[in-house]
Structures are given as structure tokens and as C-alpha cells.
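Visitor: First the structure, then my questions, so here it is.
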Amino acid sequence: MPIQNSPYQAFATLLSSSGHPVSPAELHGLLLGRSCAGAGFDVEGWLADAAELLEGEPADNVRNALVGLQEMVKGELTSDDMTVVLLLPTDDTPLAERAAALGQWCQGFLAGFGLTRREYALSEEAKEVLQDLAAISQVQDALEESDDGESDYMEVMEYLRVAPLLLFTETRKTSEPAAKPSLH
């Protein structure tokens, strides 16, 4: 019997029981996307964007969960560990469901990034990352229940754990005023 107490499952239950038929993966993607595009960590801005995806003002318990999610993401993006934990179903969930959640995560990320992106030039590498995410958001049906499908899923997941950091680092560089080189 699958474990029902994963963060993903708990969030999914919270959202559906509150009348928001939205995937936690898509919400997490949206949050990371906007954060990586330079939205900063202003809670009100995040809640406004989330409310749009949720199609309505979230109740307090959902609001608290969203604020907690943002705290977690802020911690991940600004820590030295350079790891992002994706809010996705656990490994004992059927691959098709996990792949769908991966696609939703990418869609959320691209929406959040696009919603927030300021006018600045992205490096070729960053553009490729965004193209990859767009491609991944379409592939969920291509993953099949097999060892190959499993390993493909794991590869994509590993990639998605580092892709946001690359974008976050790059947009931070462009949004901060360039420091004058110091002469020693």
C-alpha cells in the first residue's frame, strides 16, 4: 500500500479538499519559476500568483502551506547546498502519474518564469534550459512503465533539480548592479 504521508500527497489532499484542483507540482514549479526569474521572495506577490493558479483566494490552511513552500524554496535557492527538492509524488506512485506531475511542474515553472521575467538577455545555456523544460512538459506520455522509463524519469528529475539553480544564479547576476572592480 502506498505511503500517504509524503509532502506531495499531503499537499495534494489539502488542495483538493479546499476545492483547488491544482497539482502541487505545478504550484511548486510556478513558485520556483517566478523565484528564478527574479520575483524575489515577497509573500504577497507569490500569494497573488498562486491565487490565480488556484482560481480563487486560498483559505488560511492553504495560505500557510503556500507561505511554508516559499520559505522552503527561498532556503534552497539561497543556501550553499545548491539543491532543489522537487515537490513530486513518491517513487512508489505509478510512473505515469509521476511523469504527469513532472510535466505539470515544468508547465508551472515556465508560467512562473514567463510571468515574472524582466527584460534582460539570457545566456545560450539559460535559453537551452527553458527549451528543455518546455520539451519535458510535453513528454510525460512518452515515459513507459519499464526499467528504461524509470531511469529516464530519474535522469529528468536530476536535471530539474539543477536547472532552476542555473537560471536563478543567472538572473541574479543580471538584476544586481554590476560592482565596480576593486583595485588592490
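Residues are named by chain letter and number: chains run A, B, ... in the order of the C-alpha cells, numbers start at 1 in each chain, and ligands are numbered from 1 in the order shown.
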Each residue of stretch 111-152 of chain A with at least one atom at most 12 Å from stretch 17-31 of chain A should appear once, together with its nearest atom pair and the corresponding distance in Å (one decimal); atoms considered: only C-alpha atoms; ordering: chain, then increasing residue number; output as CSV.
Guide:
```
residue,atom,partner,partner_atom,distance
A:Ala111,CA,A:Leu30,CA,6.2
A:Gly112,CA,A:Leu30,CA,4.4
A:Phe113,CA,A:Leu30,CA,7.4
A:Gly114,CA,A:Leu30,CA,9.7
A:Leu115,CA,A:Leu30,CA,9.2
A:Thr116,CA,A:Leu30,CA,10.2
A:Leu133,CA,A:Gly29,CA,10.7
A:Ser137,CA,A:Glu26,CA,10.6
```
Visitor: How would the residues just picked look written out with C-alpha atoms as a PDB file, in the first residue's frame?
Guide:
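As written to disk, again38.pdb reads:
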```pdb
ATOM      1  CA  ALA A 111       4.472  30.022 -16.460  1.00  0.00           C
ATOM      2  CA  GLY A 112       6.092  31.475 -13.354  1.00  0.00           C
ATOM      3  CA  PHE A 113       9.270  32.345 -15.199  1.00  0.00           C
ATOM      4  CA  GLY A 114       7.379  33.919 -18.088  1.00  0.00           C
ATOM      5  CA  LEU A 115       5.078  35.835 -15.757  1.00  0.00           C
ATOM      6  CA  THR A 116       7.955  37.437 -13.937  1.00  0.00           C
ATOM      7  CA  LEU A 133      11.707  22.468 -19.710  1.00  0.00           C
ATOM      8  CA  SER A 137       6.446  19.496 -20.145  1.00  0.00           C
TER       9      SER A 137
END
```
Visitor: Any chance you could tabulate, as CSV, the residues of stretch 70-174 of chain A at most 10 Å from stretch 34-45 of chain A with each one's nearest atom pair and distance in Å to one decimal, using only C-alpha atoms, in chain and rising number order?
Guide:
```
residue,atom,partner,partner_atom,distance
A:Gln70,CA,A:Phe41,CA,7.4
A:Glu71,CA,A:Phe41,CA,8.3
A:Val73,CA,A:Ser35,CA,8.4
A:Lys74,CA,A:Phe41,CA,6.9
A:Leu77,CA,A:Cys36,CA,8.5
A:Gly108,CA,A:Arg34,CA,9.3
A:Phe109,CA,A:Arg34,CA,7.3
A:Leu110,CA,A:Arg34,CA,8.5
A:Ala111,CA,A:Arg34,CA,8.0
A:Gly112,CA,A:Arg34,CA,4.3
A:Phe113,CA,A:Arg34,CA,4.7
A:Gly114,CA,A:Arg34,CA,7.7
A:Leu115,CA,A:Arg34,CA,7.0
A:Thr116,CA,A:Arg34,CA,5.5
A:Arg117,CA,A:Ala37,CA,5.0
A:Arg118,CA,A:Ala37,CA,7.4
A:Ala163,CA,A:Cys36,CA,9.8
A:Pro164,CA,A:Cys36,CA,6.4
A:Leu165,CA,A:Cys36,CA,7.5
A:Leu166,CA,A:Cys36,CA,8.6
A:Leu167,CA,A:Cys36,CA,5.7
A:Phe168,CA,A:Cys36,CA,4.1
A:Thr169,CA,A:Cys36,CA,7.8
A:Glu170,CA,A:Cys36,CA,8.6
A:Thr171,CA,A:Ala37,CA,6.1
A:Arg172,CA,A:Gly38,CA,6.7
A:Thr174,CA,A:Gly38,CA,9.4
```
Visitor: Just N, CA and C atoms for this one: save the residues we selected as a CSV table (one decimal), in the first residue's frame.
Guide:
```csv
chain,number,residue,atom,x,y,z
A,70,GLN,N,7.1,28.6,0.1
A,70,GLN,CA,8.0,29.7,-0.3
A,70,GLN,C,9.2,29.7,0.6
A,71,GLU,N,9.0,29.6,1.9
A,71,GLU,CA,10.2,29.6,2.8
A,71,GLU,C,11.2,28.5,2.4
A,73,VAL,N,11.6,27.0,-0.6
A,73,VAL,CA,12.2,27.4,-1.8
A,73,VAL,C,13.3,28.4,-1.7
A,74,LYS,N,13.0,29.4,-0.9
A,74,LYS,CA,13.9,30.5,-0.6
A,74,LYS,C,15.2,29.9,0.0
A,77,LEU,N,17.2,28.0,-2.7
A,77,LEU,CA,17.8,28.8,-3.7
A,77,LEU,C,18.9,29.6,-3.1
A,108,GLY,N,4.3,24.7,-14.8
A,108,GLY,CA,4.2,25.7,-13.7
A,108,GLY,C,5.5,26.6,-13.7
A,109,PHE,N,6.6,26.0,-13.9
A,109,PHE,CA,7.9,26.7,-13.9
A,109,PHE,C,7.9,27.7,-15.0
A,110,LEU,N,7.6,27.2,-16.2
A,110,LEU,CA,7.6,28.1,-17.4
A,110,LEU,C,6.6,29.3,-17.2
A,111,ALA,N,5.5,29.0,-16.7
A,111,ALA,CA,4.5,30.0,-16.5
A,111,ALA,C,5.0,31.0,-15.5
A,112,GLY,N,5.6,30.6,-14.4
A,112,GLY,CA,6.1,31.5,-13.4
A,112,GLY,C,7.3,32.3,-13.9
A,113,PHE,N,8.1,31.7,-14.7
A,113,PHE,CA,9.3,32.3,-15.2
A,113,PHE,C,8.8,33.4,-16.2
A,114,GLY,N,7.9,33.0,-17.1
A,114,GLY,CA,7.4,33.9,-18.1
A,114,GLY,C,6.6,35.1,-17.5
A,115,LEU,N,5.9,34.8,-16.4
A,115,LEU,CA,5.1,35.8,-15.8
A,115,LEU,C,5.9,36.9,-15.2
A,116,THR,N,7.1,36.6,-14.8
A,116,THR,CA,8.0,37.4,-13.9
A,116,THR,C,9.1,38.0,-14.7
A,117,ARG,N,9.5,37.4,-15.7
A,117,ARG,CA,10.8,37.7,-16.4
A,117,ARG,C,10.9,39.2,-16.7
A,118,ARG,N,12.0,39.8,-16.3
A,118,ARG,CA,12.3,41.2,-16.7
A,118,ARG,C,12.9,41.2,-18.1
A,163,ALA,N,18.5,22.6,-12.9
A,163,ALA,CA,18.1,23.7,-13.9
A,163,ALA,C,17.7,25.0,-13.3
A,164,PRO,N,16.8,24.9,-12.2
A,164,PRO,CA,16.4,26.2,-11.6
A,164,PRO,C,17.5,27.0,-11.0
A,165,LEU,N,18.5,26.3,-10.5
A,165,LEU,CA,19.6,27.0,-9.9
A,165,LEU,C,20.5,27.7,-10.9
A,166,LEU,N,20.6,27.1,-12.1
A,166,LEU,CA,21.3,27.8,-13.1
A,166,LEU,C,20.6,29.1,-13.5
A,167,LEU,N,19.3,29.0,-13.7
A,167,LEU,CA,18.5,30.2,-14.0
A,167,LEU,C,18.5,31.2,-12.9
A,168,PHE,N,18.4,30.8,-11.7
A,168,PHE,CA,18.3,31.7,-10.5
A,168,PHE,C,19.7,32.4,-10.4
A,169,THR,N,20.8,31.7,-10.6
A,169,THR,CA,22.1,32.3,-10.5
A,169,THR,C,22.3,33.4,-11.6
A,170,GLU,N,21.8,33.0,-12.8
A,170,GLU,CA,22.0,33.9,-13.9
A,170,GLU,C,21.1,35.2,-13.8
A,171,THR,N,19.9,35.0,-13.4
A,171,THR,CA,19.0,36.2,-13.3
A,171,THR,C,19.4,37.1,-12.2
A,172,ARG,N,20.0,36.5,-11.1
A,172,ARG,CA,20.5,37.3,-10.0
A,172,ARG,C,21.7,38.2,-10.5
A,174,THR,N,22.2,39.3,-13.4
A,174,THR,CA,21.7,40.4,-14.3
A,174,THR,C,20.9,41.5,-13.6
```
Visitor: Can you check which residues of stretch 4-169 of chain A DSSP gives as helix (DSSP H, G or I) on the backbone and send them as an MDAnalysis selection string?
Guide: chainID A and resid 7:17 24:36 43:54 60:78 95:116 124:142 147:169
Visitor: Rank nothing, just name the residue among A:Ile136, A:Val162, A:Leu122, A:Ala100 nearest to A:Met82, using only C-alpha atoms.
Guide: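 Going through A:Ile136, A:Val162, A:Leu122, A:Ala100 one by one, the smallest distance to A:Met82 is for A:Val162.
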Visitor: Go through stretch 16-116 of chain A and flag each residue having an atom no more than 12 Å from stretch 154-159 of chain A; for those, report the closest pair of atoms plus their distance in Å to one decimal, using only C-alpha atoms, ordered by chain and rising number, as CSV.
Guide:
```
residue,atom,partner,partner_atom,distance
A:Thr83,CA,A:Glu158,CA,9.9
A:Val84,CA,A:Glu158,CA,9.7
A:Val85,CA,A:Met157,CA,9.7
A:Leu86,CA,A:Met157,CA,8.1
A:Leu87,CA,A:Met157,CA,10.8
A:Leu88,CA,A:Met157,CA,9.5
A:Pro89,CA,A:Met157,CA,11.7
A:Thr90,CA,A:Met154,CA,11.9
A:Asp91,CA,A:Met154,CA,9.8
A:Leu95,CA,A:Met154,CA,10.6
A:Arg98,CA,A:Met157,CA,10.2
A:Ala99,CA,A:Val156,CA,9.6
A:Ala101,CA,A:Met157,CA,11.0
A:Leu102,CA,A:Met157,CA,7.8
A:Gly103,CA,A:Val156,CA,10.4
A:Trp105,CA,A:Met157,CA,10.6
A:Cys106,CA,A:Met157,CA,10.7
```
